[in-house]
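So this one's work.cif, mmCIF, N, CA and C atoms and all ligand atoms:
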data_query
loop_
_atom_site.label_atom_id
_atom_site.label_comp_id
_atom_site.auth_asym_id
_atom_site.auth_seq_id
_atom_site.Cartn_x
_atom_site.Cartn_y
_atom_site.Cartn_z
N MET A 1 25.73 -18.14 -0.59
CA MET A 1 25.60 -17.10 -1.59
C MET A 1 24.38 -17.38 -2.45
N LYS A 2 23.64 -16.35 -2.72
CA LYS A 2 22.41 -16.52 -3.46
C LYS A 2 22.49 -15.70 -4.74
N LEU A 3 22.10 -16.29 -5.86
CA LEU A 3 22.10 -15.56 -7.13
C LEU A 3 20.66 -15.34 -7.56
N THR A 4 20.42 -14.19 -8.21
CA THR A 4 19.05 -13.91 -8.65
C THR A 4 19.04 -13.62 -10.14
N GLY A 5 17.84 -13.69 -10.71
CA GLY A 5 17.61 -13.28 -12.09
C GLY A 5 18.57 -13.94 -13.06
N SER A 6 19.15 -13.14 -13.95
CA SER A 6 19.99 -13.68 -15.01
C SER A 6 21.32 -14.22 -14.50
N LEU A 7 21.59 -14.05 -13.20
CA LEU A 7 22.84 -14.60 -12.65
C LEU A 7 22.67 -16.06 -12.25
N ARG A 8 21.42 -16.52 -12.19
CA ARG A 8 21.18 -17.87 -11.70
C ARG A 8 21.90 -18.96 -12.49
N PRO A 9 22.00 -18.80 -13.83
CA PRO A 9 22.71 -19.86 -14.57
C PRO A 9 24.17 -20.04 -14.15
N PHE A 10 24.73 -19.08 -13.43
CA PHE A 10 26.12 -19.22 -12.98
C PHE A 10 26.25 -20.15 -11.77
N ALA A 11 25.13 -20.46 -11.15
CA ALA A 11 25.18 -21.33 -9.98
C ALA A 11 25.55 -22.75 -10.40
N PRO A 12 26.37 -23.43 -9.59
CA PRO A 12 26.68 -24.83 -9.93
C PRO A 12 25.40 -25.67 -9.88
N GLN A 13 25.28 -26.63 -10.79
CA GLN A 13 24.04 -27.41 -10.87
C GLN A 13 23.71 -28.14 -9.58
N SER A 14 24.74 -28.50 -8.83
CA SER A 14 24.49 -29.23 -7.59
C SER A 14 23.88 -28.33 -6.52
N GLN A 15 24.08 -27.02 -6.63
CA GLN A 15 23.57 -26.10 -5.59
C GLN A 15 22.87 -24.91 -6.24
N PRO A 16 21.75 -25.13 -6.91
CA PRO A 16 21.14 -24.05 -7.67
C PRO A 16 20.58 -22.92 -6.81
N GLU A 17 20.15 -23.21 -5.59
CA GLU A 17 19.49 -22.18 -4.79
C GLU A 17 20.46 -21.41 -3.91
N LEU A 18 21.07 -22.13 -2.99
CA LEU A 18 21.97 -21.48 -2.06
C LEU A 18 23.33 -22.12 -2.22
N ILE A 19 24.31 -21.30 -2.61
CA ILE A 19 25.63 -21.84 -2.90
C ILE A 19 26.51 -21.72 -1.66
N GLN A 20 27.07 -22.84 -1.27
CA GLN A 20 28.03 -22.80 -0.15
C GLN A 20 29.41 -22.64 -0.77
N THR A 21 30.14 -21.62 -0.35
CA THR A 21 31.50 -21.52 -0.86
C THR A 21 32.45 -21.77 0.29
N SER A 22 33.63 -22.23 -0.05
CA SER A 22 34.60 -22.49 1.01
C SER A 22 35.80 -21.60 0.80
N LEU A 23 35.56 -20.30 0.84
CA LEU A 23 36.67 -19.35 0.76
C LEU A 23 37.27 -19.20 2.15
N LYS A 24 38.52 -18.79 2.18
CA LYS A 24 39.10 -18.59 3.51
C LYS A 24 38.59 -17.27 4.10
N ASP A 25 38.63 -17.19 5.42
CA ASP A 25 38.20 -15.97 6.10
C ASP A 25 38.96 -14.78 5.54
N GLY A 26 38.25 -13.67 5.33
CA GLY A 26 38.91 -12.48 4.82
C GLY A 26 38.93 -12.39 3.31
N ALA A 27 38.50 -13.45 2.61
CA ALA A 27 38.37 -13.36 1.16
C ALA A 27 37.27 -12.34 0.85
N THR A 28 37.36 -11.68 -0.29
CA THR A 28 36.40 -10.64 -0.58
C THR A 28 35.23 -11.18 -1.41
N VAL A 29 34.16 -10.38 -1.45
CA VAL A 29 33.01 -10.73 -2.29
C VAL A 29 33.47 -10.93 -3.73
N TRP A 30 34.38 -10.09 -4.16
CA TRP A 30 34.87 -10.16 -5.55
C TRP A 30 35.51 -11.52 -5.84
N GLU A 31 36.26 -12.05 -4.87
CA GLU A 31 36.86 -13.38 -5.06
C GLU A 31 35.78 -14.44 -5.20
N ALA A 32 34.70 -14.30 -4.42
CA ALA A 32 33.60 -15.26 -4.53
C ALA A 32 32.93 -15.16 -5.89
N ILE A 33 32.80 -13.93 -6.39
CA ILE A 33 32.18 -13.72 -7.71
C ILE A 33 33.05 -14.35 -8.80
N GLN A 34 34.34 -14.16 -8.70
CA GLN A 34 35.27 -14.73 -9.68
C GLN A 34 35.24 -16.25 -9.66
N LEU A 35 35.11 -16.80 -8.46
CA LEU A 35 35.07 -18.25 -8.29
C LEU A 35 33.92 -18.85 -9.10
N LEU A 36 32.83 -18.12 -9.19
CA LEU A 36 31.67 -18.60 -9.93
C LEU A 36 31.75 -18.25 -11.41
N GLY A 37 32.76 -17.48 -11.79
CA GLY A 37 32.95 -17.13 -13.20
C GLY A 37 31.97 -16.07 -13.68
N ILE A 38 31.50 -15.24 -12.78
CA ILE A 38 30.54 -14.20 -13.17
C ILE A 38 31.29 -12.94 -13.58
N PRO A 39 31.02 -12.39 -14.78
CA PRO A 39 31.68 -11.14 -15.18
C PRO A 39 31.26 -9.99 -14.26
N ARG A 40 32.21 -9.17 -13.89
CA ARG A 40 31.96 -8.08 -12.94
C ARG A 40 30.79 -7.20 -13.37
N GLU A 41 30.69 -6.92 -14.68
CA GLU A 41 29.67 -5.97 -15.12
C GLU A 41 28.25 -6.54 -15.04
N ARG A 42 28.14 -7.84 -14.82
CA ARG A 42 26.80 -8.42 -14.70
C ARG A 42 26.21 -8.24 -13.31
N VAL A 43 27.07 -7.93 -12.35
CA VAL A 43 26.61 -7.80 -10.97
C VAL A 43 26.33 -6.34 -10.66
N LYS A 44 25.09 -6.04 -10.35
CA LYS A 44 24.74 -4.65 -10.10
C LYS A 44 24.74 -4.33 -8.62
N LEU A 45 24.30 -5.28 -7.83
CA LEU A 45 24.09 -4.99 -6.42
C LEU A 45 24.53 -6.18 -5.59
N ILE A 46 25.25 -5.89 -4.53
CA ILE A 46 25.73 -6.93 -3.64
C ILE A 46 25.15 -6.68 -2.25
N LEU A 47 24.54 -7.68 -1.69
CA LEU A 47 24.11 -7.58 -0.30
C LEU A 47 24.89 -8.61 0.52
N VAL A 48 25.45 -8.16 1.64
CA VAL A 48 26.07 -9.10 2.57
C VAL A 48 25.26 -9.03 3.86
N ASN A 49 24.72 -10.16 4.26
CA ASN A 49 23.82 -10.21 5.43
C ASN A 49 22.73 -9.13 5.32
N HIS A 50 22.17 -9.01 4.12
CA HIS A 50 21.03 -8.14 3.84
C HIS A 50 21.34 -6.66 3.90
N ALA A 51 22.60 -6.28 3.89
CA ALA A 51 22.95 -4.86 3.80
C ALA A 51 23.82 -4.65 2.57
N GLY A 52 23.70 -3.49 1.96
CA GLY A 52 24.47 -3.20 0.76
C GLY A 52 25.97 -3.30 1.03
N ALA A 53 26.70 -3.82 0.05
CA ALA A 53 28.13 -4.00 0.25
C ALA A 53 28.87 -3.74 -1.05
N LEU A 54 30.16 -3.49 -0.94
CA LEU A 54 30.99 -3.32 -2.12
C LEU A 54 31.75 -4.63 -2.37
N SER A 55 32.25 -4.75 -3.62
CA SER A 55 32.86 -6.03 -3.98
C SER A 55 34.17 -6.31 -3.24
N ASP A 56 34.76 -5.27 -2.62
CA ASP A 56 36.01 -5.54 -1.90
C ASP A 56 35.77 -5.81 -0.41
N GLN A 57 34.49 -6.00 -0.07
CA GLN A 57 34.19 -6.32 1.33
C GLN A 57 34.73 -7.70 1.72
N PRO A 58 35.51 -7.77 2.80
CA PRO A 58 35.98 -9.09 3.23
C PRO A 58 34.85 -9.90 3.87
N LEU A 59 34.88 -11.20 3.66
CA LEU A 59 33.84 -12.07 4.18
C LEU A 59 34.37 -12.91 5.33
N LYS A 60 33.46 -13.28 6.20
CA LYS A 60 33.84 -14.24 7.23
C LYS A 60 32.88 -15.43 7.19
N ASN A 61 33.25 -16.46 7.87
CA ASN A 61 32.47 -17.69 7.84
C ASN A 61 31.02 -17.42 8.24
N GLY A 62 30.08 -17.91 7.44
CA GLY A 62 28.68 -17.77 7.78
C GLY A 62 28.01 -16.56 7.15
N ASP A 63 28.77 -15.64 6.54
CA ASP A 63 28.16 -14.49 5.88
C ASP A 63 27.25 -14.95 4.74
N ARG A 64 26.15 -14.26 4.59
CA ARG A 64 25.24 -14.56 3.48
C ARG A 64 25.37 -13.47 2.43
N VAL A 65 25.70 -13.87 1.22
CA VAL A 65 25.90 -12.92 0.14
C VAL A 65 24.81 -13.11 -0.90
N SER A 66 24.14 -12.01 -1.29
CA SER A 66 23.19 -12.08 -2.39
C SER A 66 23.68 -11.19 -3.52
N LEU A 67 23.64 -11.72 -4.74
CA LEU A 67 24.05 -10.94 -5.90
C LEU A 67 22.84 -10.68 -6.79
N PHE A 68 22.72 -9.43 -7.23
CA PHE A 68 21.61 -9.07 -8.09
C PHE A 68 22.15 -8.61 -9.44
N PRO A 69 21.50 -9.03 -10.53
CA PRO A 69 22.02 -8.74 -11.86
C PRO A 69 21.72 -7.31 -12.30
N ILE A 70 22.30 -6.95 -13.40
CA ILE A 70 22.25 -5.60 -13.94
C ILE A 70 20.82 -5.15 -14.22
N GLU A 71 19.92 -6.09 -14.58
CA GLU A 71 18.56 -5.67 -14.93
C GLU A 71 17.64 -5.58 -13.72
N TYR A 72 18.19 -5.84 -12.53
CA TYR A 72 17.34 -5.88 -11.34
C TYR A 72 16.78 -4.49 -11.03
N PRO A 73 15.49 -4.41 -10.61
CA PRO A 73 14.94 -3.09 -10.26
C PRO A 73 15.71 -2.47 -9.10
N VAL A 74 15.86 -1.17 -9.16
CA VAL A 74 16.71 -0.50 -8.18
C VAL A 74 16.01 -0.32 -6.84
N PHE A 75 16.75 -0.41 -5.79
CA PHE A 75 16.23 -0.11 -4.47
C PHE A 75 17.39 0.15 -3.51
N THR A 76 17.08 0.80 -2.39
CA THR A 76 18.10 0.97 -1.36
C THR A 76 17.90 -0.13 -0.34
N ASP A 77 18.92 -0.49 0.36
CA ASP A 77 18.75 -1.52 1.38
C ASP A 77 18.14 -0.88 2.62
N TRP A 78 17.69 -1.72 3.54
CA TRP A 78 16.90 -1.19 4.65
C TRP A 78 17.69 -0.40 5.66
N GLU A 79 19.01 -0.43 5.58
CA GLU A 79 19.77 0.41 6.49
C GLU A 79 19.93 1.82 5.94
N GLY A 80 19.38 2.03 4.75
CA GLY A 80 19.36 3.38 4.22
C GLY A 80 20.62 3.78 3.49
N SER A 81 21.54 2.86 3.27
CA SER A 81 22.73 3.25 2.55
C SER A 81 22.39 3.45 1.08
N ILE A 82 23.11 4.33 0.45
CA ILE A 82 22.81 4.62 -0.94
C ILE A 82 23.72 3.80 -1.84
N LEU A 83 23.13 3.10 -2.76
CA LEU A 83 23.90 2.23 -3.65
C LEU A 83 23.97 2.89 -5.00
N SER A 84 25.09 2.72 -5.68
CA SER A 84 25.16 3.31 -7.01
C SER A 84 24.66 2.33 -8.04
N LYS A 85 24.21 2.87 -9.13
CA LYS A 85 23.50 2.11 -10.14
C LYS A 85 24.46 1.79 -11.28
N GLY A 86 24.68 0.51 -11.49
CA GLY A 86 25.54 0.09 -12.59
C GLY A 86 26.90 0.76 -12.52
N HIS A 87 27.44 1.13 -13.67
CA HIS A 87 28.75 1.77 -13.65
C HIS A 87 28.63 3.29 -13.61
N SER A 88 27.41 3.82 -13.82
CA SER A 88 27.27 5.27 -13.67
C SER A 88 27.18 5.59 -12.17
N ASP A 89 27.30 6.84 -11.81
CA ASP A 89 27.25 7.19 -10.41
C ASP A 89 25.89 7.72 -10.00
N GLU A 90 24.91 7.47 -10.84
CA GLU A 90 23.57 7.94 -10.54
C GLU A 90 23.06 7.30 -9.25
N MET A 91 22.56 8.12 -8.35
CA MET A 91 22.11 7.59 -7.06
C MET A 91 20.67 7.08 -7.15
N ILE A 92 20.41 6.13 -6.31
CA ILE A 92 19.09 5.53 -6.28
C ILE A 92 18.29 6.15 -5.12
N ARG A 93 17.09 6.55 -5.43
CA ARG A 93 16.27 7.12 -4.37
C ARG A 93 15.28 6.08 -3.86
N GLU A 94 14.98 6.20 -2.58
CA GLU A 94 14.08 5.24 -1.96
C GLU A 94 12.72 5.23 -2.64
N GLY A 95 12.30 6.40 -3.13
CA GLY A 95 11.00 6.52 -3.77
C GLY A 95 10.84 5.64 -5.00
N GLU A 96 11.94 5.10 -5.51
CA GLU A 96 11.84 4.28 -6.71
C GLU A 96 11.50 2.82 -6.39
N MET A 97 11.44 2.49 -5.10
CA MET A 97 11.08 1.11 -4.76
C MET A 97 9.60 0.88 -5.08
N LYS A 98 9.36 -0.27 -5.66
CA LYS A 98 8.01 -0.57 -6.13
C LYS A 98 7.09 -1.00 -4.99
N LYS A 99 5.81 -0.62 -5.13
CA LYS A 99 4.78 -1.16 -4.25
C LYS A 99 4.22 -2.42 -4.88
N TRP A 100 3.80 -3.35 -4.05
CA TRP A 100 3.22 -4.59 -4.54
C TRP A 100 1.84 -4.77 -3.94
N LYS A 101 0.94 -5.33 -4.74
CA LYS A 101 -0.46 -5.45 -4.32
C LYS A 101 -0.86 -6.91 -4.19
N CYS A 102 -1.58 -7.22 -3.10
CA CYS A 102 -2.11 -8.57 -2.91
C CYS A 102 -3.27 -8.76 -3.87
N SER A 103 -3.17 -9.77 -4.73
CA SER A 103 -4.22 -9.96 -5.74
C SER A 103 -5.47 -10.58 -5.12
N VAL A 104 -5.37 -11.02 -3.86
CA VAL A 104 -6.54 -11.63 -3.20
C VAL A 104 -7.39 -10.55 -2.52
N CYS A 105 -6.74 -9.69 -1.71
CA CYS A 105 -7.55 -8.76 -0.89
C CYS A 105 -7.28 -7.30 -1.23
N GLY A 106 -6.27 -7.02 -2.04
CA GLY A 106 -6.02 -5.63 -2.41
C GLY A 106 -5.06 -4.90 -1.48
N TYR A 107 -4.58 -5.58 -0.44
CA TYR A 107 -3.58 -4.97 0.45
C TYR A 107 -2.37 -4.53 -0.37
N ILE A 108 -1.85 -3.34 -0.05
CA ILE A 108 -0.68 -2.86 -0.77
C ILE A 108 0.53 -2.85 0.13
N TYR A 109 1.58 -3.55 -0.31
CA TYR A 109 2.84 -3.53 0.43
C TYR A 109 3.64 -2.32 -0.02
N ASP A 110 3.92 -1.42 0.92
CA ASP A 110 4.69 -0.22 0.63
C ASP A 110 6.08 -0.38 1.25
N PRO A 111 7.13 -0.49 0.41
CA PRO A 111 8.48 -0.75 0.93
C PRO A 111 8.95 0.33 1.91
N SER A 112 8.46 1.57 1.76
CA SER A 112 8.93 2.61 2.67
C SER A 112 8.37 2.40 4.08
N LYS A 113 7.26 1.69 4.18
CA LYS A 113 6.65 1.40 5.50
C LYS A 113 7.01 0.01 5.99
N GLY A 114 7.23 -0.93 5.06
CA GLY A 114 7.49 -2.31 5.46
C GLY A 114 6.27 -2.93 6.12
N ASP A 115 6.50 -3.93 6.94
CA ASP A 115 5.42 -4.57 7.70
C ASP A 115 6.01 -4.91 9.06
N PRO A 116 6.30 -3.84 9.86
CA PRO A 116 7.06 -4.02 11.10
C PRO A 116 6.40 -5.02 12.06
N GLU A 117 5.08 -5.09 12.07
CA GLU A 117 4.41 -6.02 12.98
C GLU A 117 4.76 -7.46 12.67
N ASN A 118 5.17 -7.70 11.43
CA ASN A 118 5.53 -9.06 11.05
C ASN A 118 7.02 -9.18 10.72
N GLY A 119 7.79 -8.28 11.31
CA GLY A 119 9.24 -8.41 11.22
C GLY A 119 9.88 -7.89 9.95
N VAL A 120 9.12 -7.10 9.15
CA VAL A 120 9.70 -6.55 7.92
C VAL A 120 9.95 -5.06 8.14
N LYS A 121 11.22 -4.69 8.19
CA LYS A 121 11.57 -3.31 8.52
C LYS A 121 11.20 -2.35 7.39
N PRO A 122 10.85 -1.10 7.76
CA PRO A 122 10.63 -0.09 6.73
C PRO A 122 11.86 0.01 5.82
N GLY A 123 11.63 0.19 4.53
CA GLY A 123 12.75 0.27 3.59
C GLY A 123 13.11 -1.08 2.99
N THR A 124 12.35 -2.11 3.29
CA THR A 124 12.62 -3.43 2.72
C THR A 124 11.92 -3.56 1.37
N ALA A 125 12.69 -3.81 0.31
CA ALA A 125 12.08 -4.04 -1.00
C ALA A 125 11.28 -5.33 -0.94
N PHE A 126 10.22 -5.40 -1.71
CA PHE A 126 9.36 -6.60 -1.70
C PHE A 126 10.18 -7.86 -1.95
N GLU A 127 11.15 -7.75 -2.87
CA GLU A 127 11.96 -8.91 -3.23
C GLU A 127 12.80 -9.43 -2.07
N GLU A 128 13.03 -8.55 -1.10
CA GLU A 128 13.90 -8.93 0.03
C GLU A 128 13.12 -9.50 1.22
N ILE A 129 11.80 -9.49 1.13
CA ILE A 129 11.00 -10.04 2.23
C ILE A 129 11.19 -11.56 2.24
N PRO A 130 11.32 -12.17 3.43
CA PRO A 130 11.46 -13.63 3.47
C PRO A 130 10.30 -14.34 2.75
N GLU A 131 10.63 -15.48 2.12
CA GLU A 131 9.63 -16.18 1.30
C GLU A 131 8.43 -16.66 2.10
N ASP A 132 8.59 -16.80 3.42
CA ASP A 132 7.46 -17.32 4.20
C ASP A 132 6.55 -16.21 4.72
N TRP A 133 6.85 -14.98 4.34
CA TRP A 133 5.99 -13.86 4.72
C TRP A 133 4.63 -14.00 4.01
N VAL A 134 3.57 -13.62 4.71
CA VAL A 134 2.25 -13.67 4.08
C VAL A 134 1.56 -12.32 4.20
N CYS A 135 0.55 -12.11 3.36
CA CYS A 135 -0.24 -10.88 3.40
C CYS A 135 -0.80 -10.68 4.81
N PRO A 136 -0.49 -9.50 5.44
CA PRO A 136 -0.94 -9.28 6.81
C PRO A 136 -2.46 -9.17 6.93
N LYS A 137 -3.15 -8.94 5.81
CA LYS A 137 -4.60 -8.81 5.87
C LYS A 137 -5.31 -10.14 5.65
N CYS A 138 -4.87 -10.90 4.64
CA CYS A 138 -5.64 -12.10 4.29
C CYS A 138 -4.83 -13.38 4.35
N GLY A 139 -3.53 -13.29 4.59
CA GLY A 139 -2.73 -14.51 4.73
C GLY A 139 -2.28 -15.13 3.42
N ALA A 140 -2.52 -14.46 2.30
CA ALA A 140 -2.06 -15.01 1.02
C ALA A 140 -0.53 -14.99 0.95
N GLY A 141 0.06 -15.93 0.24
CA GLY A 141 1.51 -16.01 0.13
C GLY A 141 2.09 -14.93 -0.75
N LYS A 142 3.41 -14.79 -0.69
CA LYS A 142 4.11 -13.76 -1.48
C LYS A 142 3.82 -13.88 -2.97
N ASP A 143 3.62 -15.13 -3.43
CA ASP A 143 3.42 -15.35 -4.87
C ASP A 143 2.06 -14.83 -5.36
N MET A 144 1.20 -14.42 -4.42
CA MET A 144 -0.07 -13.86 -4.84
C MET A 144 0.02 -12.36 -5.06
N PHE A 145 1.19 -11.81 -4.85
CA PHE A 145 1.37 -10.35 -5.00
C PHE A 145 1.82 -10.01 -6.41
N GLU A 146 1.39 -8.86 -6.88
CA GLU A 146 1.88 -8.37 -8.16
C GLU A 146 2.31 -6.91 -8.03
N PRO A 147 3.30 -6.51 -8.85
CA PRO A 147 3.77 -5.12 -8.78
C PRO A 147 2.64 -4.15 -9.11
N GLU A 148 2.59 -3.06 -8.36
CA GLU A 148 1.51 -2.11 -8.61
C GLU A 148 1.83 -1.20 -9.78
FE FE B 1 -4.17 -10.13 0.97
#
Show me this structure written as structure tokens.
Amino acid sequence: MKLTGSLRPFAPQSQPELIQTSLKDGATVWEAIQLLGIPRERVKLILVNHAGALSDQPLKNGDRVSLFPIEYPVFTDWEGSILSKGHSDEMIREGEMKKWKCSVCGYIYDPSKGDPENGVKPGTAFEEIPEDWVCPKCGAGKDMFEPE
């Protein structure tokens, strides 16, 4: 399980990056959230194996869960499912995903296009690209990118 942004302080000190939980098969995401003591309203978006999920989704061994906090920028997951925003039912549109620009060469990462030649599917938010991804034009690392 991975925590981002303001949820990171909830991670146990021994496992700050990737938390291994030992829930039984069929336990839900919500049970995992409770185990970490995270208040429900702080969690805005849940991804299970990189697809949007609800808190009552049952988990099985090996599932990867990412939790995003309430202040996280909105985006849809790459399978195109529509996620609701906070406790309101306002829908998130794909057009709201941010573009990011390579500060070295000026290449612009457009989430609606992704970078399919390098394994990044269209609809992937910049934040969801693997950390070892590099600028397809100049090879600069992800940390050289800034929001456009
Ligand atoms: Fe570049």
For region 12-31 of chain A, I'd like the enclosing box, axis-aligned and padded by 5 Å on every side, reported as JSON with centre and edge lengths in Å to one decimal.
{"center_x": 29.3, "center_y": -19.7, "center_z": -2.4, "size_x": 29.6, "size_y": 29.1, "size_z": 27.0}
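Neighbouring residues of ligand FE 1 (chain B) at a cut-off of 10 Å, counting only C-alpha atoms and all ligand atoms, are Lys101, Cys102, Ser103, Val104, Cys105, Gly106, Tyr107, Ile108, Tyr109, Val134, Cys135, Pro136, Lys137, Cys138, Gly139, Ala140, Gly141, Lys142, Met144 and Phe145 of chain A.
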* Write out as a ChimeraX atom specification which residues come within 7 Å of Asp110 (chain A) when counting all atoms listed in the file, dropping same-chain ones fewer than 4 positions away. => /A:98-100,114-115,123-124
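Reported to one decimal place, the separation of atom C of Ile19 (chain A) from CA of Asn118 (chain A) is 27.6 Å.
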* Structure fact -> Across A:Leu59, A:Asn49, A:Pro111, A:Pro69, the smallest distance to Leu23 (chain A), with only N, CA and C atoms counted, is shown by A:Leu59
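For the pair atom C of Arg42 (chain A) and atom N of Ile129 (chain A), the interatomic distance is 20.4 Å.
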* Asked: Taking the backbone alone, and naming residues the way the document does, which bits of chain A are strand (DSSP E) by DSSP, as a PyMOL selection string?
  -> chain A and resi 2-3+43-48+51-53+65-69+100-102+108-109+145-147
* Computed interatomic separation between atom C of Pro147 (chain A) and CA of Pro116 (chain A) (Å) -> 20.7 Å
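Across A:Leu45, A:Pro16, A:Asp56, A:Asn61, the tightest approach to Val29 (chain A) is made by A:Asp56 when counting all atoms listed in the file.
Distance check against Trp30 (chain A) using only N, CA and C atoms: of A:Gln15, A:Asp132, A:Thr4, A:Gln57, the minimum falls on A:Gln57.
With all atoms listed in the file as the atoms that count, the residue of A:Glu148, A:Gln13, A:Ala125, A:Met1 with the shortest distance to Val65 (chain A) is A:Met1.
Distances here use only N, CA and C atoms; by that measure, the residue among A:Ala51, A:Phe68, A:Trp133, A:Asp143 closest to Lys2 (chain A) is A:Phe68.
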* Write down as a ChimeraX atom specification the residues belonging to region 1-136 of chain A that are assigned alpha helix (DSSP H) by DSSP computed on the backbone. => /A:29-35
* Structure fact -> Using only N, CA and C atoms, the best pick from A:Pro58, A:Glu128, A:Leu67, A:Arg40 as closest to Asp25 (chain A) would be A:Pro58
